[in-house]
Structures are given as structure tokens and as C-alpha cells.
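What follows is the content of coords-v6.cif (mmCIF, C-alpha atoms).
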```cif
data_start
#
loop_
_atom_site.label_atom_id
_atom_site.label_comp_id
_atom_site.auth_asym_id
_atom_site.auth_seq_id
_atom_site.Cartn_x
_atom_site.Cartn_y
_atom_site.Cartn_z
CA MET F 89 0.00 0.00 0.00
CA SER F 90 1.35 3.47 -0.86
CA SER F 91 2.13 5.90 1.94
CA ALA F 92 -0.63 8.20 0.63
CA TRP F 93 -3.24 5.51 1.28
CA ILE F 94 -1.83 4.73 4.73
CA VAL F 95 -2.13 8.43 5.62
CA VAL F 96 -5.66 8.67 4.19
CA LEU F 97 -6.91 5.63 6.11
CA ILE F 98 -5.28 6.42 9.47
CA VAL F 99 -6.12 10.13 9.44
CA GLY F 100 -9.67 9.30 8.32
CA ALA F 101 -10.20 6.80 11.13
CA ALA F 102 -8.69 9.14 13.73
CA THR F 103 -10.84 12.07 12.59
CA VAL F 104 -14.02 10.00 12.60
CA ALA F 105 -13.22 9.02 16.19
CA LEU F 106 -12.38 12.61 17.25
CA LYS F 107 -15.62 14.00 15.78
CA ALA F 108 -17.60 11.21 17.43
CA THR F 109 -16.06 11.81 20.89
CA GLY F 110 -18.79 14.04 22.33
CA PRO F 111 -21.86 12.63 20.53
CA VAL F 112 -20.97 8.97 21.21
CA LEU F 113 -19.67 9.28 24.78
CA LEU F 114 -21.92 12.06 26.06
CA GLY F 115 -24.79 12.24 23.56
CA GLY F 116 -28.39 11.28 24.17
CA ARG F 117 -28.63 12.81 27.64
CA PRO F 118 -28.18 16.21 29.26
CA LEU F 119 -24.67 17.05 30.44
CA PRO F 120 -23.84 16.74 34.14
CA GLU F 121 -24.35 20.07 35.95
CA SER F 122 -20.68 20.46 36.81
CA LEU F 123 -19.62 19.98 33.21
CA SER F 124 -22.23 22.24 31.61
CA GLY F 125 -20.59 25.42 32.92
CA VAL F 126 -17.37 24.44 31.20
CA VAL F 127 -19.00 23.29 27.97
CA ALA F 128 -20.99 26.53 27.67
CA LEU F 129 -17.66 28.38 27.48
CA LEU F 130 -16.21 26.09 24.80
CA ALA F 131 -17.89 28.02 21.97
CA PRO F 132 -16.41 31.46 22.76
CA VAL F 133 -12.99 29.99 23.57
CA LEU F 134 -12.70 27.84 20.46
CA LEU F 135 -14.09 30.56 18.17
CA ALA F 136 -11.59 33.08 19.61
CA ALA F 137 -8.75 30.59 19.09
CA LEU F 138 -9.91 29.90 15.51
CA VAL F 139 -9.97 33.65 14.75
CA VAL F 140 -6.37 33.98 15.97
CA THR F 141 -4.96 30.87 14.28
CA GLN F 142 -6.70 31.55 10.96
CA THR F 143 -5.61 35.20 10.94
CA VAL F 144 -1.93 35.01 11.93
CA GLY F 145 -1.21 31.28 12.16
CA GLY F 146 1.65 29.72 10.18
CA ASP F 147 3.82 26.65 10.58
CA ARG F 148 5.36 27.42 13.98
CA GLU F 149 5.44 31.13 13.20
CA LEU F 150 3.22 34.17 13.27
CA VAL F 151 2.43 35.26 9.71
CA LEU F 152 1.19 38.81 9.19
CA ASP F 153 -0.31 38.99 5.69
CA ALA F 154 -3.39 40.06 3.74
CA ARG F 155 -5.64 37.96 5.97
CA LEU F 156 -5.31 40.74 8.57
CA ALA F 157 -6.95 43.18 6.15
CA GLY F 158 -9.74 40.67 5.57
CA VAL F 159 -10.44 40.30 9.27
CA GLY F 160 -10.22 44.09 9.70
CA ALA F 161 -12.79 44.66 6.95
CA GLY F 162 -14.91 41.89 8.47
CA ALA F 163 -14.73 43.58 11.88
CA VAL F 164 -15.94 46.89 10.40
CA ALA F 165 -18.81 45.08 8.67
CA ILE F 166 -19.72 43.26 11.90
CA ALA F 167 -19.70 46.58 13.83
CA ALA F 168 -22.02 48.01 11.17
CA ARG F 169 -24.34 45.02 11.73
CA ALA F 170 -23.94 43.73 8.20
CA PRO F 171 -25.48 40.30 7.53
CA LEU F 172 -23.12 37.34 7.73
CA PRO F 173 -22.79 36.67 3.95
CA VAL F 174 -21.82 40.34 3.48
CA VAL F 175 -19.16 40.03 6.20
CA VAL F 176 -17.69 36.96 4.49
CA VAL F 177 -17.66 38.51 1.00
CA LEU F 178 -16.18 41.83 2.20
CA ALA F 179 -13.45 39.99 4.11
CA ALA F 180 -12.51 37.95 1.04
CA ALA F 181 -12.52 41.05 -1.18
CA ALA F 182 -10.31 43.04 1.21
CA THR F 183 -7.88 40.12 1.50
CA ALA F 184 -7.71 39.74 -2.28
CA VAL F 185 -7.19 43.47 -2.92
CA VAL F 186 -4.45 43.87 -0.30
CA ARG F 187 -2.70 40.72 -1.58
CA LEU F 188 -2.84 42.07 -5.13
CA LEU F 189 -1.33 45.42 -4.08
CA ALA F 190 1.30 44.00 -1.73
CA MET Z 189 -29.12 29.49 5.59
CA ARG Z 190 -27.90 32.17 3.16
CA SER Z 191 -24.78 32.30 5.29
CA ALA Z 192 -24.33 28.57 4.90
CA VAL Z 193 -24.53 28.93 1.12
CA ALA Z 194 -21.87 31.68 1.08
CA VAL Z 195 -19.62 29.57 3.28
CA ALA Z 196 -20.29 26.46 1.19
CA ALA Z 197 -19.16 28.28 -1.97
CA THR Z 198 -15.90 29.23 -0.25
CA VAL Z 199 -15.44 25.69 1.01
CA TRP Z 200 -16.05 24.35 -2.50
CA PHE Z 201 -13.12 26.38 -3.85
CA PHE Z 202 -10.87 25.10 -1.08
CA GLY Z 203 -12.01 21.55 -1.83
CA ALA Z 204 -11.01 22.06 -5.46
CA SER Z 205 -7.71 23.52 -4.32
CA PHE Z 206 -7.12 20.50 -2.07
CA GLY Z 207 -7.83 18.13 -4.97
CA LEU Z 208 -5.28 19.94 -7.11
CA VAL Z 209 -2.61 20.14 -4.39
CA ALA Z 210 -3.10 16.51 -3.36
CA ARG Z 211 -2.82 15.28 -6.93
CA ALA Z 212 0.34 17.37 -7.44
CA ALA Z 213 1.71 15.88 -4.20
CA GLY Z 214 1.53 12.43 -5.80
CA MET Z 215 -1.54 11.14 -3.93
CA GLY Z 216 -3.19 9.98 -7.13
CA ALA Z 217 -6.80 10.66 -8.09
CA VAL Z 218 -8.79 8.43 -5.74
CA ALA Z 219 -7.01 8.88 -2.39
CA PRO Z 220 -7.69 12.67 -2.16
CA PHE Z 221 -11.38 12.02 -2.86
CA VAL Z 222 -11.57 9.30 -0.20
CA MET Z 223 -9.74 11.59 2.23
CA SER Z 224 -12.27 14.39 1.71
CA ALA Z 225 -15.15 11.95 2.16
CA THR Z 226 -13.78 10.47 5.40
CA THR Z 227 -11.66 13.16 7.06
CA PHE Z 228 -13.71 16.21 5.96
CA ALA Z 229 -11.43 18.77 7.61
CA GLY Z 230 -9.56 21.21 5.40
CA SER Z 231 -6.49 22.23 7.37
CA ALA Z 232 -5.52 18.66 8.30
CA GLN Z 233 -5.91 17.47 4.71
CA PHE Z 234 -3.79 20.31 3.33
CA ALA Z 235 -1.11 19.66 5.95
CA ALA Z 236 -1.00 15.93 5.26
CA SER Z 237 -0.82 16.33 1.48
CA SER Z 238 1.86 19.02 1.63
CA ILE Z 239 4.03 16.86 3.91
CA LEU Z 240 3.59 13.89 1.54
CA GLY Z 241 4.38 16.15 -1.43
CA THR Z 242 7.64 17.39 0.08
CA SER Z 243 8.81 13.80 0.61
CA GLY Z 244 8.02 13.88 4.30
CA SER Z 245 7.26 10.58 5.98
CA ALA Z 246 3.77 9.11 6.35
CA VAL Z 247 4.26 9.26 10.13
CA ALA Z 248 4.92 13.03 10.00
CA ALA Z 249 1.86 13.57 7.79
CA ILE Z 250 -0.35 11.53 10.13
CA ALA Z 251 0.95 13.28 13.26
CA ALA Z 252 0.40 16.76 11.79
CA ALA Z 253 -3.11 15.96 10.57
CA VAL Z 254 -4.23 14.26 13.79
CA LEU Z 255 -2.89 17.15 15.89
CA LEU Z 256 -4.75 19.62 13.68
CA ASN Z 257 -7.96 17.65 14.14
CA ALA Z 258 -7.55 17.16 17.89
CA ARG Z 259 -9.75 20.24 18.34
CA TYR Z 260 -12.70 18.11 17.25
CA ALA Z 261 -12.66 16.40 20.64
CA PRO Z 262 -13.62 19.60 22.53
CA ILE Z 263 -15.74 20.86 19.61
CA SER Z 264 -17.78 17.65 19.51
CA ILE Z 265 -18.18 17.68 23.30
CA SER Z 266 -19.68 21.19 23.08
CA VAL Z 267 -22.51 19.88 20.86
CA ALA Z 268 -22.90 16.42 22.42
CA PRO Z 269 -26.41 17.02 23.85
CA LEU Z 270 -27.78 17.59 20.31
CA PHE Z 271 -27.15 13.97 19.35
CA ARG Z 272 -29.78 11.42 20.27
CA GLY Z 273 -30.75 7.90 19.33
CA PRO Z 274 -28.63 4.79 18.87
CA ARG Z 275 -24.87 5.02 19.14
CA LEU Z 276 -24.28 4.26 15.43
CA ARG Z 277 -26.61 7.04 14.38
CA ARG Z 278 -24.88 9.52 16.72
CA MET Z 279 -21.53 8.44 15.31
CA LEU Z 280 -22.65 8.94 11.69
CA GLU Z 281 -24.33 12.30 12.36
CA SER Z 282 -21.26 13.52 14.24
CA GLN Z 283 -19.25 13.32 11.02
CA LEU Z 284 -21.12 16.43 9.82
CA ILE Z 285 -19.34 18.43 12.53
CA VAL Z 286 -16.79 20.71 10.90
CA ASP Z 287 -15.53 24.12 12.08
CA GLU Z 288 -17.94 26.07 9.89
CA SER Z 289 -21.11 24.00 10.51
CA TRP Z 290 -20.37 24.08 14.23
CA ALA Z 291 -19.78 27.85 14.22
CA LEU Z 292 -22.91 28.58 12.17
CA ALA Z 293 -24.99 26.46 14.55
CA SER Z 294 -23.90 28.35 17.66
CA ARG Z 295 -26.71 30.45 19.10
CA GLY Z 296 -24.58 32.78 21.20
CA ASP Z 297 -25.60 31.51 24.61
CA GLY Z 298 -23.38 28.43 24.67
CA ARG Z 299 -26.09 26.36 23.03
CA PHE Z 300 -26.33 25.06 19.47
CA ASP Z 301 -29.02 24.49 16.86
CA ARG Z 302 -29.22 20.86 15.76
CA ARG Z 303 -30.95 21.58 12.43
CA ILE Z 304 -28.34 24.15 11.40
CA LEU Z 305 -25.46 21.94 12.51
CA LEU Z 306 -26.65 18.97 10.45
CA GLY Z 307 -28.13 20.99 7.55
CA ALA Z 308 -25.08 23.21 7.08
CA GLY Z 309 -22.85 20.19 7.72
CA LEU Z 310 -24.49 18.24 4.90
CA LEU Z 311 -24.23 21.21 2.52
CA LEU Z 312 -20.57 21.77 3.40
CA TYR Z 313 -19.81 18.06 3.09
CA ALA Z 314 -21.30 18.01 -0.43
CA SER Z 315 -19.31 21.15 -1.32
CA TRP Z 316 -16.05 19.81 0.05
CA VAL Z 317 -16.29 16.39 -1.60
CA SER Z 318 -17.55 17.67 -4.97
CA GLY Z 319 -14.95 20.46 -4.91
CA THR Z 320 -12.23 17.89 -4.30
CA ALA Z 321 -13.45 15.78 -7.23
CA VAL Z 322 -13.36 18.77 -9.58
CA GLY Z 323 -9.95 19.81 -8.24
CA VAL Z 324 -8.47 16.37 -8.83
CA LEU Z 325 -9.77 16.29 -12.39
CA ALA Z 326 -9.48 19.90 -13.51
CA GLY Z 327 -8.11 21.96 -10.61
CA ASP Z 328 -5.58 23.87 -12.66
CA VAL Z 329 -8.42 25.67 -14.47
CA LEU Z 330 -9.70 27.27 -11.26
CA GLY Z 331 -6.59 28.92 -9.87
CA ASP Z 332 -5.58 29.57 -6.26
CA PRO Z 333 -8.39 30.40 -3.81
CA LYS Z 334 -5.92 32.75 -2.11
CA ASP Z 335 -6.07 35.00 -5.19
CA LEU Z 336 -9.76 35.44 -4.37
CA GLY Z 337 -8.87 36.23 -0.74
CA LEU Z 338 -10.87 33.25 0.48
CA ASP Z 339 -8.36 32.48 3.25
CA GLY Z 340 -9.29 35.84 4.79
CA ALA Z 341 -12.99 34.96 4.77
CA PHE Z 342 -12.77 32.15 7.37
CA PRO Z 343 -11.33 34.16 10.30
CA ALA Z 344 -13.88 36.93 9.59
CA LEU Z 345 -16.67 34.32 9.66
CA PHE Z 346 -15.47 32.99 13.02
CA LEU Z 347 -15.16 36.55 14.36
CA ALA Z 348 -18.75 37.34 13.30
CA LEU Z 349 -19.95 34.23 15.12
CA LEU Z 350 -17.79 34.96 18.18
CA VAL Z 351 -19.18 38.46 18.82
CA PRO Z 352 -22.70 37.34 19.89
CA GLN Z 353 -21.06 34.87 22.31
CA LEU Z 354 -19.53 37.69 24.36
CA ARG Z 355 -22.65 38.81 26.18
CA THR Z 356 -21.41 37.84 29.64
CA THR Z 357 -18.23 39.11 31.26
CA ARG Z 358 -17.11 35.56 31.96
CA ALA Z 359 -17.48 34.56 28.29
CA ALA Z 360 -15.51 37.65 27.19
CA VAL Z 361 -12.71 37.02 29.71
CA VAL Z 362 -12.46 33.36 28.78
CA ALA Z 363 -12.47 34.13 25.02
CA LEU Z 364 -9.69 36.66 25.54
CA ALA Z 365 -7.70 34.10 27.54
CA GLY Z 366 -8.21 31.51 24.80
CA ALA Z 367 -7.07 33.97 22.11
CA ALA Z 368 -3.99 34.88 24.17
CA ILE Z 369 -3.05 31.22 24.71
CA ALA Z 370 -3.42 30.49 20.98
CA LEU Z 371 -1.37 33.55 20.01
CA ALA Z 372 1.41 32.69 22.44
CA LEU Z 373 1.63 29.06 21.29
CA ILE Z 374 1.53 29.56 17.50
CA PRO Z 375 5.30 30.24 17.22
CA VAL Z 376 6.37 27.44 19.55
CA THR Z 377 4.07 24.44 18.96
CA ALA Z 378 2.96 22.39 15.97
CA PRO Z 379 -0.16 23.73 14.22
CA GLY Z 380 -3.29 22.42 15.92
CA VAL Z 381 -1.87 22.49 19.44
CA PRO Z 382 -2.71 26.20 20.06
CA ILE Z 383 -6.46 25.62 19.57
CA VAL Z 384 -6.58 22.55 21.80
CA ALA Z 385 -4.52 24.29 24.51
CA ALA Z 386 -6.76 27.37 24.31
CA SER Z 387 -9.81 25.24 25.06
CA ALA Z 388 -8.35 24.71 28.53
CA ALA Z 389 -9.33 28.33 29.26
CA CYS Z 390 -12.96 27.22 29.58
CA LEU Z 391 -12.02 25.34 32.75
CA LEU Z 392 -12.44 28.80 34.33
CA GLY Z 393 -16.14 27.91 34.17
CA LEU Z 394 -15.73 24.87 36.45
CA GLY Z 395 -18.27 24.67 39.21
CA ARG Z 396 -19.85 28.02 38.37
CA ARG Z 397 -23.30 28.68 37.04
CA ARG Z 398 -24.03 31.51 34.66
#
```
What's the C-alpha cells form of this structure?
Amino acid sequence: MSSAWIVVLIVGAATVALKATGPVLLGGRPLPESLSGVVALLAPVLLAALVVTQTVGGDRELVLDARLAGVGAGAVAIAARAPLPVVVVLAAAATAVVRLLA
Amino acid sequence: MRSAVAVAATVWFFGASFGLVARAAGMGAVAPFVMSATTFAGSAQFAASSILGTSGSAVAAIAAAVLLNARYAPISISVAPLFRGPRLRRMLESQLIVDESWALASRGDGRFDRRILLGAGLLLYASWVSGTAVGVLAGDVLGDPKDLGLDGAFPALFLALLVPQLRTTRAAVVALAGAAIALALIPVTAPGVPIVAASAACLLGLGRRR
């Protein structure tokens, strides 16, 4: 078997298991009281971490590039209460324009 | 749902880009397609194919991809109560969890909408897999999604979905702590680790009720 197939099969199996962690182990019933306070905070924490890693994340380095302009434009659109599709399109356009000029 | 369509279009382009990159990395035509259908997680797939393409070892590619997807443990725990029924059904439905479907389904009070999670997840899955197929076959016609600035669209999407989550002081403090942990770890750890480490910030909520 080629190494590509080994990677595809092992990563696929691992990801299926990771995505199933919560629903299989904890699904089908309400969360224990002590855990629900923690889980309620998972959304803001993980979203904040995703914003940071997708804006300046690189391979073991901080990368400051046109994505910053996209997030900046997105932030302005969010502050102006623009609908979500508008935020996404404006962010992509700002990123593309800054990358073209840089 | 209009948001889901905009995001799905972006995801489709990245799927096509993955198909192209994976084929160029010597993965053949079928393996990238199978990877999109089973792994369904962009960053891990790009990392694995680029390591394979630069003659890295299979072990390195697997380690990088699994680390990048480790965040799906805390992410899937956050939506666990939405999944009901037999274990097999919960396992199958959980495969529709992906960053974007999860983020779109968040209602801003720590809870999630099951219909949006599964509906957007299905749409994104179809986009990702069909995009990959087109990319493998004809990806060089489409060009680089970065030229369209699509890599700047994802962090803006997550920011837009983060803002309504910050209604309580505790949520804002914990989000800031998570962002700081991620920022501090990006230069010193493998990609994927910063997000998982940041999720530890939510332990500040232990034993407290909102």
C-alpha cells in the first residue's frame, strides 16, 4: 500500500473518532451540571482561538499577511451590523485586494 | 441558511484547491477524494498532502493531521447534547461536525441548533467532496483560492460568530484568555496544538453557574 493511502486511512479513522467523541460518549442525555458550565464556554474559547490561528497562524510562526486586512474589513462590517454573507464577501474582497497590491 | 450557502461556496473552492494540491503531491486521483469523504477537515488534509508532497514521511503527515484535528474532541463535546438515538446514528451524524457548521450552529448563549449543525454540515460536506473531485480532475483551471482572498474569509466568519457569544463578562474574559493562549503558542508548537490548549481556558467555568 502506498504511503498516501496509509495516511488517508489512518487520518480518516482518527478524525471519525475525534468527531464522534462528544456525541458517542456524552450524547443522548443532558450534560452533568458540573460539566455544563465548562461546555458553555467552549464556543467562545474555540471561536476566539480559531480567529487567531486563521488570521496570523503559520507553521510554527506568526504570519502577518493580507488575511489581517480581511479580518479588519470583516470587523468593520460586523460593527455596522452587516449580515453574515456580506461580512464573508467583504473579508474575502479586502484580502484579495491587499494581496494584489502588496 | 444564506450564510451557509456563502460559506459552502468558499469551502467548495478550497475543496477544489485540495484536490489539485493533493494530486500534485503524488496522492493519485482516488485517495484525495476518499480523504475528503472520510476526514472532511480542510487544514488537516492540506497539511497531510503538503508533507507527503515534500517527501516527508507518512508518520509526519499523520501526526500533523491528527494534531490539527484534535480540536474536534472539545468541539464535539460542546454539541454532544444535540445527538440522540442509537450510538451508530450519533456516530454517523457527528461526522457532519466541521468548524464552519459548528460555528454557524452556535446560538450565542453556549447552546447550538441541531438543524443548522446537520443541515449546514451536509451542505458543506457536499461542497467539500464535490470540490475535491473537480480539483483532482481539472483543478488547474480554477486557480488559487488565495487569489480570491478566500483564506481571509474564514477568520472573519469565526469573528462574526464569536461576537454574539460575548454577552457575559465571563465569556468575554475566557475568550480573551483563549485567544492569548493560541497567540502565544503559535510560534512554539505544531499547528493544531494552540487551539486545543486554548480550550483549557474554559475550565475557568468549572463549578460556576451563569
Q. Which value, in Å to one decimal, gives the distance between atom CA of Trp200 of chain Z and atom CA of Leu305 of chain Z?
A.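 Distance reported for this atom pair: 17.9 Å.
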Q: Pick out the residues sitting within 10 Å of segment 351-360 of chain Z, and hand them over as a PyMOL selection string; count all atoms listed in the file, and ignore anything fewer than 4 positions along from it in its own chain.
A: (chain F and resi 128-133+135-136+163+166-167) or (chain Z and resi 294-299+346-347+364-366+390+392-393+398)
Q.
Considering all atoms listed in the file, can you say which of F:Leu97, F:Ala157, F:Ala168, F:Ala184 comes closest to chain Z?
A.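 Going through F:Leu97, F:Ala157, F:Ala168, F:Ala184 one by one, the smallest distance to chain Z is for F:Ala184.
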Q: Select residues of chain F: the criterion is any atom within 6 Å of an atom of chain Z, counting all atoms listed in the file; output as a PyMOL selection string.
A: chain F and resi 91-92+95-96+99-100+103+106-112+114-116+118+122+125-130+132-133+135-137+139+142-143+148-150+155+158-159+162+172-173+176+179-180+183-184
(Q) Can you measure atom CA of Arg187 of chain F to atom CA of Ala154 of chain F for me? One decimal in Å is fine. (A) 5.4 Å
Q. When you draw a straight line from atom CA of Leu113 of chain F to atom CA of Asp301 of chain Z, how long is it in Å?
A. 19.5 Å
As lines of an AutoDock Vina configuration file, what would the box around segment 175-187 of chain F look like: edges along x, y and z, 8 Å added on every side, centre and edge lengths in Å to one decimal?
```
center_x = -10.9
center_y = 40.4
center_z = 1.6
size_x = 32.5
size_y = 22.9
size_z = 25.1
```
